[in-house]
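Printed here is data.pdb (PDB, C-alpha atoms):
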MODEL        1
ATOM      1  CA  MET A   1      98.208 167.427 -56.095
ATOM      2  CA  ARG A   2     100.515 170.411 -55.639
ATOM      3  CA  PHE A   3     100.091 173.622 -57.612
ATOM      4  CA  LEU A   4     101.673 177.064 -57.735
ATOM      5  CA  VAL A   5      99.645 180.027 -58.995
ATOM      6  CA  THR A   6     101.287 183.342 -59.867
ATOM      7  CA  GLY A   7      98.998 186.365 -59.768
ATOM      8  CA  ALA A   8      97.041 184.484 -57.095
ATOM      9  CA  ALA A   9      95.441 187.624 -55.637
ATOM     10  CA  GLY A  10      94.280 188.827 -59.033
ATOM     11  CA  PHE A  11      90.906 188.527 -60.726
ATOM     12  CA  ILE A  12      91.399 185.215 -62.544
ATOM     13  CA  GLY A  13      94.111 183.877 -60.237
ATOM     14  CA  SER A  14      92.025 184.119 -57.073
ATOM     15  CA  ASN A  15      89.076 182.379 -58.729
ATOM     16  CA  LEU A  16      91.410 179.616 -59.900
ATOM     17  CA  VAL A  17      92.917 179.270 -56.400
ATOM     18  CA  ASP A  18      89.443 178.884 -54.859
ATOM     19  CA  GLN A  19      88.520 176.121 -57.294
ATOM     20  CA  LEU A  20      91.766 174.205 -56.768
ATOM     21  CA  LEU A  21      91.292 174.333 -52.996
ATOM     22  CA  LEU A  22      87.678 173.180 -53.245
ATOM     23  CA  GLU A  23      88.952 170.173 -55.188
ATOM     24  CA  GLY A  24      91.288 169.303 -52.299
ATOM     25  CA  HIS A  25      94.669 170.324 -53.727
ATOM     26  CA  ASP A  26      97.655 171.997 -52.072
ATOM     27  CA  VAL A  27      98.208 175.475 -53.482
ATOM     28  CA  VAL A  28     100.964 178.057 -53.125
ATOM     29  CA  GLY A  29      99.832 181.483 -54.309
ATOM     30  CA  VAL A  30     102.342 184.162 -55.289
ATOM     31  CA  ASP A  31     101.455 187.829 -55.702
ATOM     32  CA  ASP A  32     103.121 191.172 -55.004
ATOM     33  CA  LEU A  33      99.668 192.724 -54.304
ATOM     34  CA  SER A  34     100.438 195.721 -56.523
ATOM     35  CA  THR A  35      97.195 195.233 -58.457
ATOM     36  CA  GLY A  36      95.693 192.141 -56.825
ATOM     37  CA  SER A  37      93.734 192.228 -53.589
ATOM     38  CA  ARG A  38      94.237 190.196 -50.422
ATOM     39  CA  ARG A  39      90.458 190.386 -49.941
ATOM     40  CA  PHE A  40      90.031 188.165 -53.008
ATOM     41  CA  LEU A  41      91.795 185.416 -51.044
ATOM     42  CA  GLU A  42      89.783 185.623 -47.823
ATOM     43  CA  ARG A  43      88.172 182.219 -48.433
ATOM     44  CA  ALA A  44      91.424 180.664 -49.636
ATOM     45  CA  LEU A  45      93.287 181.774 -46.517
ATOM     46  CA  GLU A  46      90.894 179.709 -44.396
ATOM     47  CA  PHE A  47      92.309 176.514 -45.978
ATOM     48  CA  LYS A  48      95.292 174.839 -44.330
ATOM     49  CA  THR A  49      96.280 173.633 -47.806
ATOM     50  CA  PHE A  50      96.865 177.194 -49.051
ATOM     51  CA  ARG A  51      99.870 179.464 -48.563
ATOM     52  CA  LEU A  52     100.163 183.016 -49.851
ATOM     53  CA  GLU A  53     103.646 184.346 -50.589
ATOM     54  CA  GLN A  54     103.966 188.081 -51.235
ATOM     55  CA  ARG A  55     106.900 188.246 -53.624
ATOM     56  CA  ASP A  56     108.006 190.432 -56.519
ATOM     57  CA  LEU A  57     108.398 188.207 -59.567
ATOM     58  CA  THR A  58     110.655 190.710 -61.305
ATOM     59  CA  ASP A  59     113.266 189.334 -58.877
ATOM     60  CA  PRO A  60     114.805 186.229 -60.555
ATOM     61  CA  ALA A  61     115.040 184.532 -57.141
ATOM     62  CA  ALA A  62     111.422 185.251 -56.134
ATOM     63  CA  LEU A  63     110.246 181.648 -56.514
ATOM     64  CA  ASP A  64     113.239 180.032 -54.849
ATOM     65  CA  GLY A  65     112.060 177.572 -52.219
ATOM     66  CA  LEU A  66     108.483 177.481 -53.550
ATOM     67  CA  LEU A  67     108.942 174.999 -56.424
ATOM     68  CA  SER A  68     110.265 171.457 -56.655
ATOM     69  CA  GLU A  69     109.995 168.410 -58.883
ATOM     70  CA  ARG A  70     106.916 167.534 -56.778
ATOM     71  CA  THR A  71     105.068 170.628 -58.070
ATOM     72  CA  ASP A  72     102.515 169.113 -60.431
ATOM     73  CA  HIS A  73     101.633 172.272 -62.359
ATOM     74  CA  VAL A  74     102.432 175.989 -62.425
ATOM     75  CA  PHE A  75      99.638 178.346 -63.460
ATOM     76  CA  HIS A  76     101.363 181.567 -64.519
ATOM     77  CA  LEU A  77      98.747 184.340 -64.479
ATOM     78  CA  ALA A  78     100.814 187.231 -63.069
ATOM     79  CA  ALA A  79     101.070 190.083 -65.580
ATOM     80  CA  ASN A  80     100.469 193.720 -66.278
ATOM     81  CA  ALA A  81      97.102 193.720 -68.034
ATOM     82  CA  ASP A  82      96.757 197.461 -68.691
ATOM     83  CA  VAL A  83      96.807 197.479 -72.502
ATOM     84  CA  ARG A  84      95.533 201.034 -72.798
ATOM     85  CA  ASP A  85      98.404 202.770 -70.999
ATOM     86  CA  GLY A  86     101.193 200.625 -72.436
ATOM     87  CA  LEU A  87     102.760 203.436 -74.447
ATOM     88  CA  LYS A  88     102.916 205.663 -71.361
ATOM     89  CA  HIS A  89     105.031 203.068 -69.539
ATOM     90  CA  PRO A  90     106.964 201.243 -72.274
ATOM     91  CA  ARG A  91     109.088 199.105 -69.944
ATOM     92  CA  ARG A  92     106.180 197.850 -67.843
ATOM     93  CA  ASP A  93     105.024 195.136 -70.264
ATOM     94  CA  LEU A  94     108.601 194.030 -70.894
ATOM     95  CA  GLU A  95     109.404 193.775 -67.196
ATOM     96  CA  GLN A  96     106.127 192.458 -65.777
ATOM     97  CA  ASN A  97     105.157 190.166 -68.646
ATOM     98  CA  THR A  98     108.175 189.014 -70.659
ATOM     99  CA  LEU A  99     110.937 189.143 -68.035
ATOM    100  CA  VAL A 100     108.697 187.769 -65.287
ATOM    101  CA  THR A 101     107.790 184.851 -67.564
ATOM    102  CA  SER A 102     111.501 184.251 -68.099
ATOM    103  CA  ASN A 103     112.004 184.266 -64.313
ATOM    104  CA  VAL A 104     109.195 181.743 -63.812
ATOM    105  CA  LEU A 105     110.638 179.429 -66.460
ATOM    106  CA  GLU A 106     114.114 179.622 -64.955
ATOM    107  CA  ALA A 107     112.762 178.917 -61.468
ATOM    108  CA  MET A 108     110.920 175.884 -62.826
ATOM    109  CA  ARG A 109     114.066 174.650 -64.576
ATOM    110  CA  ARG A 110     116.170 174.973 -61.439
ATOM    111  CA  ALA A 111     113.558 173.227 -59.292
ATOM    112  CA  GLY A 112     112.653 170.451 -61.730
ATOM    113  CA  ALA A 113     109.005 171.484 -62.221
ATOM    114  CA  LYS A 114     107.856 170.619 -65.735
ATOM    115  CA  ALA A 115     104.187 171.549 -66.411
ATOM    116  CA  LEU A 116     102.965 175.098 -67.073
ATOM    117  CA  THR A 117      99.816 176.968 -68.055
ATOM    118  CA  PHE A 118     100.449 180.466 -69.419
ATOM    119  CA  SER A 119      97.827 183.199 -69.679
ATOM    120  CA  SER A 120      98.458 184.786 -73.046
ATOM    121  CA  THR A 121      96.047 186.986 -74.982
ATOM    122  CA  GLY A 122      94.114 187.288 -78.202
ATOM    123  CA  SER A 123      95.951 190.594 -78.644
ATOM    124  CA  VAL A 124      98.894 188.631 -80.072
ATOM    125  CA  TYR A 125      96.913 188.423 -83.340
ATOM    126  CA  GLY A 126      97.042 192.203 -83.745
ATOM    127  CA  GLU A 127      94.423 193.322 -86.261
ATOM    128  CA  ALA A 128      93.832 189.824 -87.596
ATOM    129  CA  ALA A 129      93.086 189.253 -91.258
ATOM    130  CA  VAL A 130      90.953 186.197 -90.411
ATOM    131  CA  ILE A 131      87.764 186.587 -88.326
ATOM    132  CA  PRO A 132      86.940 184.553 -86.276
ATOM    133  CA  THR A 133      90.652 184.120 -85.668
ATOM    134  CA  PRO A 134      92.033 180.564 -85.316
ATOM    135  CA  GLU A 135      95.211 179.577 -83.478
ATOM    136  CA  THR A 136      96.888 179.010 -86.856
ATOM    137  CA  CYS A 137      96.312 182.571 -88.087
ATOM    138  CA  PRO A 138      99.536 184.243 -89.278
ATOM    139  CA  PHE A 139     100.641 187.038 -86.970
ATOM    140  CA  PRO A 140     100.427 190.542 -88.449
ATOM    141  CA  ILE A 141     102.316 193.555 -87.119
ATOM    142  CA  GLN A 142     101.866 193.786 -83.345
ATOM    143  CA  THR A 143      99.624 196.690 -82.344
ATOM    144  CA  SER A 144     100.322 196.907 -78.599
ATOM    145  CA  LEU A 145     103.289 196.497 -76.279
ATOM    146  CA  TYR A 146     101.087 194.225 -74.184
ATOM    147  CA  GLY A 147     100.434 191.837 -77.074
ATOM    148  CA  ALA A 148     104.098 191.926 -78.090
ATOM    149  CA  SER A 149     105.229 191.119 -74.543
ATOM    150  CA  LYS A 150     102.856 188.157 -74.317
ATOM    151  CA  LEU A 151     103.970 186.842 -77.697
ATOM    152  CA  ALA A 152     107.578 187.041 -76.504
ATOM    153  CA  GLY A 153     106.533 185.033 -73.447
ATOM    154  CA  GLU A 154     104.977 182.393 -75.696
ATOM    155  CA  ALA A 155     108.240 182.129 -77.645
ATOM    156  CA  LEU A 156     110.276 181.671 -74.457
ATOM    157  CA  ILE A 157     107.920 178.950 -73.274
ATOM    158  CA  SER A 158     108.173 177.093 -76.580
ATOM    159  CA  ALA A 159     111.966 177.220 -76.383
ATOM    160  CA  TYR A 160     111.993 175.868 -72.807
ATOM    161  CA  CYS A 161     109.631 173.058 -73.799
ATOM    162  CA  GLU A 162     111.940 172.144 -76.652
ATOM    163  CA  GLY A 163     115.167 172.525 -74.709
ATOM    164  CA  TYR A 164     114.277 171.325 -71.204
ATOM    165  CA  GLY A 165     111.384 168.923 -71.674
ATOM    166  CA  PHE A 166     108.679 171.204 -70.275
ATOM    167  CA  ARG A 167     105.001 170.785 -71.165
ATOM    168  CA  ALA A 168     102.890 173.910 -71.564
ATOM    169  CA  ASN A 169      99.385 175.087 -72.341
ATOM    170  CA  VAL A 170      99.452 178.549 -73.916
ATOM    171  CA  LEU A 171      95.995 180.080 -73.554
ATOM    172  CA  ARG A 172      95.047 183.125 -75.603
ATOM    173  CA  PHE A 173      92.248 184.807 -73.673
ATOM    174  CA  VAL A 174      89.587 187.185 -74.817
ATOM    175  CA  SER A 175      88.611 189.734 -72.149
ATOM    176  CA  ILE A 176      87.374 188.019 -68.977
ATOM    177  CA  LEU A 177      84.378 189.201 -66.907
ATOM    178  CA  GLY A 178      82.793 188.209 -63.616
ATOM    179  CA  GLU A 179      83.254 188.237 -59.863
ATOM    180  CA  ARG A 180      86.409 190.105 -58.682
ATOM    181  CA  TYR A 181      86.714 191.871 -62.032
ATOM    182  CA  SER A 182      88.528 195.138 -61.388
ATOM    183  CA  HIS A 183      89.899 196.313 -64.725
ATOM    184  CA  GLY A 184      88.283 196.971 -68.085
ATOM    185  CA  HIS A 185      85.333 198.579 -69.804
ATOM    186  CA  VAL A 186      82.566 197.308 -67.482
ATOM    187  CA  PHE A 187      84.505 198.506 -64.424
ATOM    188  CA  ASP A 188      85.149 201.891 -66.043
ATOM    189  CA  PHE A 189      81.550 202.351 -67.190
ATOM    190  CA  VAL A 190      80.060 201.385 -63.812
ATOM    191  CA  ARG A 191      82.460 203.680 -61.953
ATOM    192  CA  SER A 192      81.679 206.565 -64.304
ATOM    193  CA  LEU A 193      77.889 206.054 -64.149
ATOM    194  CA  GLN A 194      77.930 205.906 -60.372
ATOM    195  CA  LYS A 195      79.532 209.345 -60.377
ATOM    196  CA  ASP A 196      77.337 210.795 -63.132
ATOM    197  CA  PRO A 197      74.349 208.687 -64.269
ATOM    198  CA  ALA A 198      73.226 211.385 -66.703
ATOM    199  CA  GLN A 199      76.160 211.161 -69.111
ATOM    200  CA  ILE A 200      78.764 208.610 -70.183
ATOM    201  CA  ARG A 201      81.938 209.098 -72.216
ATOM    202  CA  VAL A 202      82.539 206.315 -74.734
ATOM    203  CA  LEU A 203      85.983 205.899 -76.294
ATOM    204  CA  GLY A 204      85.842 205.615 -80.074
ATOM    205  CA  ASP A 205      82.501 205.330 -81.858
ATOM    206  CA  GLY A 206      80.955 202.567 -79.755
ATOM    207  CA  LYS A 207      81.034 200.151 -82.698
ATOM    208  CA  GLN A 208      84.171 198.274 -81.630
ATOM    209  CA  ARG A 209      83.294 194.582 -81.538
ATOM    210  CA  LYS A 210      84.756 192.382 -78.817
ATOM    211  CA  SER A 211      84.265 188.934 -77.317
ATOM    212  CA  TYR A 212      84.136 188.299 -73.558
ATOM    213  CA  LEU A 213      84.241 185.196 -71.360
ATOM    214  CA  TYR A 214      82.809 184.706 -67.872
ATOM    215  CA  VAL A 215      85.507 183.976 -65.273
ATOM    216  CA  GLY A 216      83.840 180.767 -64.091
ATOM    217  CA  ASP A 217      83.947 179.437 -67.650
ATOM    218  CA  CYS A 218      87.555 180.612 -67.949
ATOM    219  CA  VAL A 219      88.629 178.706 -64.815
ATOM    220  CA  ARG A 220      86.803 175.588 -65.998
ATOM    221  CA  ALA A 221      88.647 175.791 -69.319
ATOM    222  CA  ILE A 222      92.051 176.284 -67.652
ATOM    223  CA  LEU A 223      91.592 173.206 -65.467
ATOM    224  CA  HIS A 224      89.991 171.137 -68.217
ATOM    225  CA  LEU A 225      92.982 171.685 -70.487
ATOM    226  CA  ALA A 226      95.505 171.083 -67.685
ATOM    227  CA  ARG A 227      93.958 167.635 -67.163
ATOM    228  CA  LEU A 228      94.075 166.558 -70.809
ATOM    229  CA  PRO A 229      96.715 163.914 -71.585
ATOM    230  CA  TRP A 230      99.793 165.551 -73.101
ATOM    231  CA  ASP A 231     100.064 164.814 -76.826
ATOM    232  CA  ARG A 232     102.728 167.428 -77.600
ATOM    233  CA  PRO A 233     105.076 169.688 -75.616
ATOM    234  CA  VAL A 234     103.231 172.958 -76.368
ATOM    235  CA  ARG A 235      99.494 173.294 -76.891
ATOM    236  CA  VAL A 236      97.951 176.601 -77.945
ATOM    237  CA  PHE A 237      94.258 177.307 -77.397
ATOM    238  CA  ASN A 238      92.021 180.331 -77.843
ATOM    239  CA  LEU A 239      89.743 180.891 -74.830
ATOM    240  CA  GLY A 240      86.514 182.686 -75.598
ATOM    241  CA  THR A 241      82.913 182.316 -76.657
ATOM    242  CA  PRO A 242      81.346 181.806 -80.105
ATOM    243  CA  GLU A 243      79.819 185.314 -80.017
ATOM    244  CA  TYR A 244      80.744 188.979 -79.712
ATOM    245  CA  VAL A 245      79.083 192.300 -78.906
ATOM    246  CA  ASP A 246      79.854 195.896 -79.756
ATOM    247  CA  VAL A 247      80.604 198.456 -77.065
ATOM    248  CA  ASP A 248      77.234 200.180 -77.446
ATOM    249  CA  ARG A 249      75.303 196.958 -76.842
ATOM    250  CA  SER A 250      77.468 196.042 -73.868
ATOM    251  CA  LEU A 251      76.899 199.517 -72.428
ATOM    252  CA  GLY A 252      73.172 198.899 -72.875
ATOM    253  CA  PHE A 253      73.364 195.821 -70.629
ATOM    254  CA  ILE A 254      75.238 197.865 -68.013
ATOM    255  CA  CYS A 255      72.777 200.757 -68.080
ATOM    256  CA  ASP A 256      69.848 198.361 -67.821
ATOM    257  CA  GLU A 257      71.337 196.722 -64.735
ATOM    258  CA  LEU A 258      71.994 200.124 -63.137
ATOM    259  CA  GLY A 259      68.601 201.518 -64.152
ATOM    260  CA  VAL A 260      70.055 204.584 -65.900
ATOM    261  CA  SER A 261      69.713 206.155 -69.353
ATOM    262  CA  PRO A 262      72.741 208.416 -69.831
ATOM    263  CA  ARG A 263      73.527 210.597 -72.806
ATOM    264  CA  ARG A 264      76.386 208.951 -74.704
ATOM    265  CA  VAL A 265      79.306 211.163 -75.683
ATOM    266  CA  TYR A 266      81.680 209.536 -78.188
ATOM    267  CA  THR A 267      85.324 210.529 -78.543
ATOM    268  CA  GLY A 268      85.241 209.547 -82.231
ATOM    269  CA  GLY A 269      87.187 207.276 -84.529
ATOM    270  CA  ASP A 270      86.930 203.515 -84.831
ATOM    271  CA  ARG A 271      88.999 202.721 -81.715
ATOM    272  CA  GLY A 272      89.491 204.002 -78.191
ATOM    273  CA  TRP A 273      93.308 204.148 -78.104
ATOM    274  CA  VAL A 274      96.393 203.031 -79.994
ATOM    275  CA  GLY A 275      96.272 199.233 -80.007
ATOM    276  CA  ASP A 276      92.507 199.039 -79.431
ATOM    277  CA  ASN A 277      91.642 196.650 -82.245
ATOM    278  CA  PRO A 278      88.142 197.416 -83.586
ATOM    279  CA  PHE A 279      87.187 193.743 -83.996
ATOM    280  CA  ILE A 280      88.453 190.915 -81.770
ATOM    281  CA  PHE A 281      86.695 187.576 -82.196
ATOM    282  CA  LEU A 282      88.598 184.333 -81.631
ATOM    283  CA  ASP A 283      87.759 180.980 -83.167
ATOM    284  CA  THR A 284      87.281 178.579 -80.228
ATOM    285  CA  ALA A 285      86.451 175.436 -82.238
ATOM    286  CA  LYS A 286      89.726 173.772 -81.178
ATOM    287  CA  LEU A 287      88.932 174.248 -77.483
ATOM    288  CA  GLN A 288      85.317 173.128 -77.834
ATOM    289  CA  ALA A 289      86.447 170.003 -79.708
ATOM    290  CA  THR A 290      88.080 168.869 -76.438
ATOM    291  CA  GLY A 291      84.662 168.761 -74.744
ATOM    292  CA  TRP A 292      84.532 172.210 -73.113
ATOM    293  CA  LYS A 293      81.971 174.896 -73.856
ATOM    294  CA  PRO A 294      80.957 178.110 -72.077
ATOM    295  CA  GLU A 295      77.926 178.065 -69.816
ATOM    296  CA  LEU A 296      77.181 181.808 -69.804
ATOM    297  CA  THR A 297      76.517 184.160 -72.692
ATOM    298  CA  ILE A 298      78.332 187.485 -72.943
ATOM    299  CA  GLU A 299      75.207 189.322 -71.809
ATOM    300  CA  GLU A 300      74.886 187.112 -68.726
ATOM    301  CA  GLY A 301      78.580 187.647 -67.949
ATOM    302  CA  VAL A 302      78.281 191.436 -68.251
ATOM    303  CA  ARG A 303      75.174 191.542 -66.069
ATOM    304  CA  ARG A 304      76.749 189.367 -63.366
ATOM    305  CA  THR A 305      79.797 191.619 -63.394
ATOM    306  CA  VAL A 306      77.703 194.756 -62.905
ATOM    307  CA  ARG A 307      75.822 193.171 -60.009
ATOM    308  CA  TYR A 308      79.092 192.133 -58.377
ATOM    309  CA  LEU A 309      80.604 195.599 -58.750
ATOM    310  CA  THR A 310      77.572 197.400 -57.333
ATOM    311  CA  ALA A 311      77.603 195.039 -54.331
ATOM    312  CA  ASN A 312      81.345 195.534 -53.729
ATOM    313  CA  GLY A 313      81.962 199.263 -53.775
ATOM    314  CA  TRP A 314      85.232 198.800 -51.879
ATOM    315  CA  LEU A 315      86.802 197.705 -55.175
ATOM    316  CA  PHE A 316      86.497 201.201 -56.622
ATOM    317  CA  ALA A 317      88.074 202.797 -53.560
ATOM    318  CA  GLU A 318      90.916 200.264 -53.550
ATOM    319  CA  ARG A 319      91.524 200.742 -57.276
ATOM    320  CA  GLU A 320      91.675 204.521 -56.916
ATOM    321  CA  GLN A 321      94.138 204.176 -54.038
ATOM    322  CA  LYS A 322      96.389 201.868 -56.068
ATOM    323  CA  GLU A 323      96.228 204.257 -59.044
ATOM    324  CA  LYS A 324      97.202 207.129 -56.758
ATOM    325  CA  GLU A 325     100.152 205.169 -55.339
ATOM    326  CA  ALA A 326     101.342 204.246 -58.853
ATOM    327  CA  ARG A 327     101.549 207.863 -60.022
ATOM    328  CA  PRO A 328     105.115 209.222 -60.240
TER     329      PRO A 328
ENDMDL
END
Step by step, read the file and then write its structure as structure tokens.
Amino acid sequence: MRFLVTGAAGFIGSNLVDQLLLEGHDVVGVDDLSTGSRRFLERALEFKTFRLEQRDLTDPAALDGLLSERTDHVFHLAANADVRDGLKHPRRDLEQNTLVTSNVLEAMRRAGAKALTFSSTGSVYGEAAVIPTPETCPFPIQTSLYGASKLAGEALISAYCEGYGFRANVLRFVSILGERYSHGHVFDFVRSLQKDPAQIRVLGDGKQRKSYLYVGDCVRAILHLARLPWDRPVRVFNLGTPEYVDVDRSLGFICDELGVSPRRVYTGGDRGWVGDNPFIFLDTAKLQATGWKPELTIEEGVRRTVRYLTANGWLFAEREQKEKEARP
């Protein structure tokens, strides 16, 4: 089969590419390498059935020549995932999430490609009134530009499915952990503790409760749902685990793996930044009813992530270089 993966050099995208290639498929990966890493694709680049295209998806013509009616499925994972700094760069989520999704849909329409998987987010639920939060939960006021941009992408996809006969899986992720993870609280805590193992700064009060999913389980879910027979044009699924942890407990797993006992300094309040919802826990009963379930617990996912990060110190240096280049 033939697949196109946007965000192919990213954390989830590169893991998905590897799995598709191992299964014997032809894969075109698209990434501008602004946040992704070519090193994540070292194994993929050894396959003759893989091609990496470095293109900027904010260009409406970026996918021209890469899609056709013979493309079996498009996995659209490219996005700005930096929720925390959204208010500092208010156009970034619009341009890299909503407008890029529009460009992908238009490229598919022009080429005749019909099947799509979209990486959305549990942040679209804002501060949900129902916990655990099902796919049918009414949307409250949006609390982040990131969540709003992803919800706009979902709406565009629904309209294209209705108007042009597309089929789409909209997947609302919790935070993902695991190999090639390079953004989020585990990354930040490990980087900070490597610099100063005696003290750690914790945003908020450490009581924020979140759910996390191991990347291997995430990729299995993406592919499992893509293979299900289509029973409707748009299918929406929460991707996560039937458990959650608070920040303090997660930090405990990290410290245990690193063998450190730092003094914890809290910034105060019940959240780390504007849009940091204090309790995110998605109901995944709909997904599990299809026959999928996670293999790793949150603790196992956190510990694997820490071990990967400590064995791949180049990630911290590369991240710092990209952050330096992105500064105005």
TODO: Would you mind reading off the distance between CA of Ile200 in chain A and CA of Tyr214 in chain A, one decimal, in Å?
DONE: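 Separation of CA of Ile200 in chain A and CA of Tyr214 in chain A: 24.4 Å.
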Open item on the list: As a check of understanding, name the residues that the PyMOL selection byres ((chain A and resi 47-63) around 10) selects in the supplied structure, as a ChimeraX atom specification.
Closed with: /A:2-9,17-18,20-22,24-34,38,41-46,64-67,78-79,95-108,111
Task: Shell of 12 Å around Ala326 in chain A, all atoms listed in the file, local chain residues under 5 positions omitted, as a list in words - done: Ser34, Thr35, His89, Arg319, Glu320 and Gln321 of chain A
Open item on the list: Let me make sure I understand: among A:Glu295, A:Glu318, A:Asp276, A:Asp205, which one has the smallest atom-to-atom distance to Thr241 in chain A if we use all atoms listed in the file?
Closed with: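 Closest candidate: A:Glu295.
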Task: Distance of CA of Leu228 in chain A from CA of Cys137 in chain A, expressed in Å to one decimal place - done: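 Interatomic distance, CA of Cys137 in chain A to CA of Leu228 in chain A: 23.7 Å.
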Open item on the list: Once the PyMOL selection byres ((chain A and resi 157-170) around 6) is applied to the coordinates I shared, what remains selected? I want it as a list in words.
Closed with: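 Selected by the PyMOL selection byres ((chain A and resi 157-170) around 6) here: Lys114, Ala115, Leu116, Thr117, Phe118, Glu154, Ala155, Leu156, Leu171, Pro233, Val234, Arg235 and Val236 of chain A.
For the choices A:Lys88, A:Arg110, A:Arg191, A:Arg209, the atom-to-atom distance to Asn277 in chain A is smallest for A:Arg209 when using all atoms listed in the file.
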Task: Of the listed residues A:Asp231, A:Thr290, A:Phe279, A:Ala198, that which approaches Arg264 in chain A most closely, counting all atoms listed in the file - done: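 Using all atoms listed in the file, Arg264 in chain A sits closest to A:Ala198.
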Task: CA of Val130 in chain A to CA of His224 in chain A, straight-line distance in Å - done: 26.8 Å
- [ ] Rank A:Glu325, A:Glu127, A:Asp188, A:Asp72 by their smallest atom-to-atom distance to Gly147 in chain A, using only C-alpha atoms, and report the top residue only.
- [x] A:Glu127
Completion step: range 6-21 of chain A with N, CA and C atoms as a PDB file, in the frame of the given file:
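What follows is the written file out.pdb:
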ATOM      1  N   THR A   6     100.812 181.961 -59.919  1.00  0.00           N
ATOM      2  CA  THR A   6     101.287 183.342 -59.867  1.00  0.00           C
ATOM      3  C   THR A   6     100.113 184.271 -60.192  1.00  0.00           C
ATOM      4  N   GLY A   7     100.150 185.474 -59.618  1.00  0.00           N
ATOM      5  CA  GLY A   7      98.998 186.365 -59.768  1.00  0.00           C
ATOM      6  C   GLY A   7      97.806 185.847 -58.980  1.00  0.00           C
ATOM      7  N   ALA A   8      98.084 185.185 -57.850  1.00  0.00           N
ATOM      8  CA  ALA A   8      97.041 184.484 -57.095  1.00  0.00           C
ATOM      9  C   ALA A   8      96.016 185.410 -56.469  1.00  0.00           C
ATOM     10  N   ALA A   9      96.383 186.678 -56.234  1.00  0.00           N
ATOM     11  CA  ALA A   9      95.441 187.624 -55.637  1.00  0.00           C
ATOM     12  C   ALA A   9      94.742 188.465 -56.697  1.00  0.00           C
ATOM     13  N   GLY A  10      94.931 188.104 -57.943  1.00  0.00           N
ATOM     14  CA  GLY A  10      94.280 188.827 -59.033  1.00  0.00           C
ATOM     15  C   GLY A  10      92.895 188.292 -59.336  1.00  0.00           C
ATOM     16  N   PHE A  11      92.275 188.865 -60.333  1.00  0.00           N
ATOM     17  CA  PHE A  11      90.906 188.527 -60.726  1.00  0.00           C
ATOM     18  C   PHE A  11      90.780 187.044 -61.095  1.00  0.00           C
ATOM     19  N   ILE A  12      91.500 186.607 -62.105  1.00  0.00           N
ATOM     20  CA  ILE A  12      91.399 185.215 -62.544  1.00  0.00           C
ATOM     21  C   ILE A  12      92.129 184.299 -61.568  1.00  0.00           C
ATOM     22  N   GLY A  13      93.313 184.716 -61.120  1.00  0.00           N
ATOM     23  CA  GLY A  13      94.111 183.877 -60.237  1.00  0.00           C
ATOM     24  C   GLY A  13      93.396 183.490 -58.970  1.00  0.00           C
ATOM     25  N   SER A  14      92.711 184.428 -58.332  1.00  0.00           N
ATOM     26  CA  SER A  14      92.025 184.119 -57.073  1.00  0.00           C
ATOM     27  C   SER A  14      90.854 183.167 -57.295  1.00  0.00           C
ATOM     28  N   ASN A  15      90.156 183.313 -58.409  1.00  0.00           N
ATOM     29  CA  ASN A  15      89.076 182.379 -58.729  1.00  0.00           C
ATOM     30  C   ASN A  15      89.619 180.978 -58.988  1.00  0.00           C
ATOM     31  N   LEU A  16      90.772 180.902 -59.654  1.00  0.00           N
ATOM     32  CA  LEU A  16      91.410 179.616 -59.900  1.00  0.00           C
ATOM     33  C   LEU A  16      91.862 178.979 -58.590  1.00  0.00           C
ATOM     34  N   VAL A  17      92.472 179.772 -57.707  1.00  0.00           N
ATOM     35  CA  VAL A  17      92.917 179.270 -56.400  1.00  0.00           C
ATOM     36  C   VAL A  17      91.740 178.670 -55.640  1.00  0.00           C
ATOM     37  N   ASP A  18      90.620 179.385 -55.583  1.00  0.00           N
ATOM     38  CA  ASP A  18      89.443 178.884 -54.859  1.00  0.00           C
ATOM     39  C   ASP A  18      89.007 177.526 -55.394  1.00  0.00           C
ATOM     40  N   GLN A  19      88.976 177.383 -56.712  1.00  0.00           N
ATOM     41  CA  GLN A  19      88.520 176.121 -57.294  1.00  0.00           C
ATOM     42  C   GLN A  19      89.483 174.982 -56.987  1.00  0.00           C
ATOM     43  N   LEU A  20      90.776 175.235 -57.074  1.00  0.00           N
ATOM     44  CA  LEU A  20      91.766 174.205 -56.768  1.00  0.00           C
ATOM     45  C   LEU A  20      91.652 173.741 -55.321  1.00  0.00           C
ATOM     46  N   LEU A  21      91.422 174.682 -54.412  1.00  0.00           N
ATOM     47  CA  LEU A  21      91.292 174.333 -52.996  1.00  0.00           C
ATOM     48  C   LEU A  21      90.016 173.542 -52.740  1.00  0.00           C
TER      49      LEU A  21
END
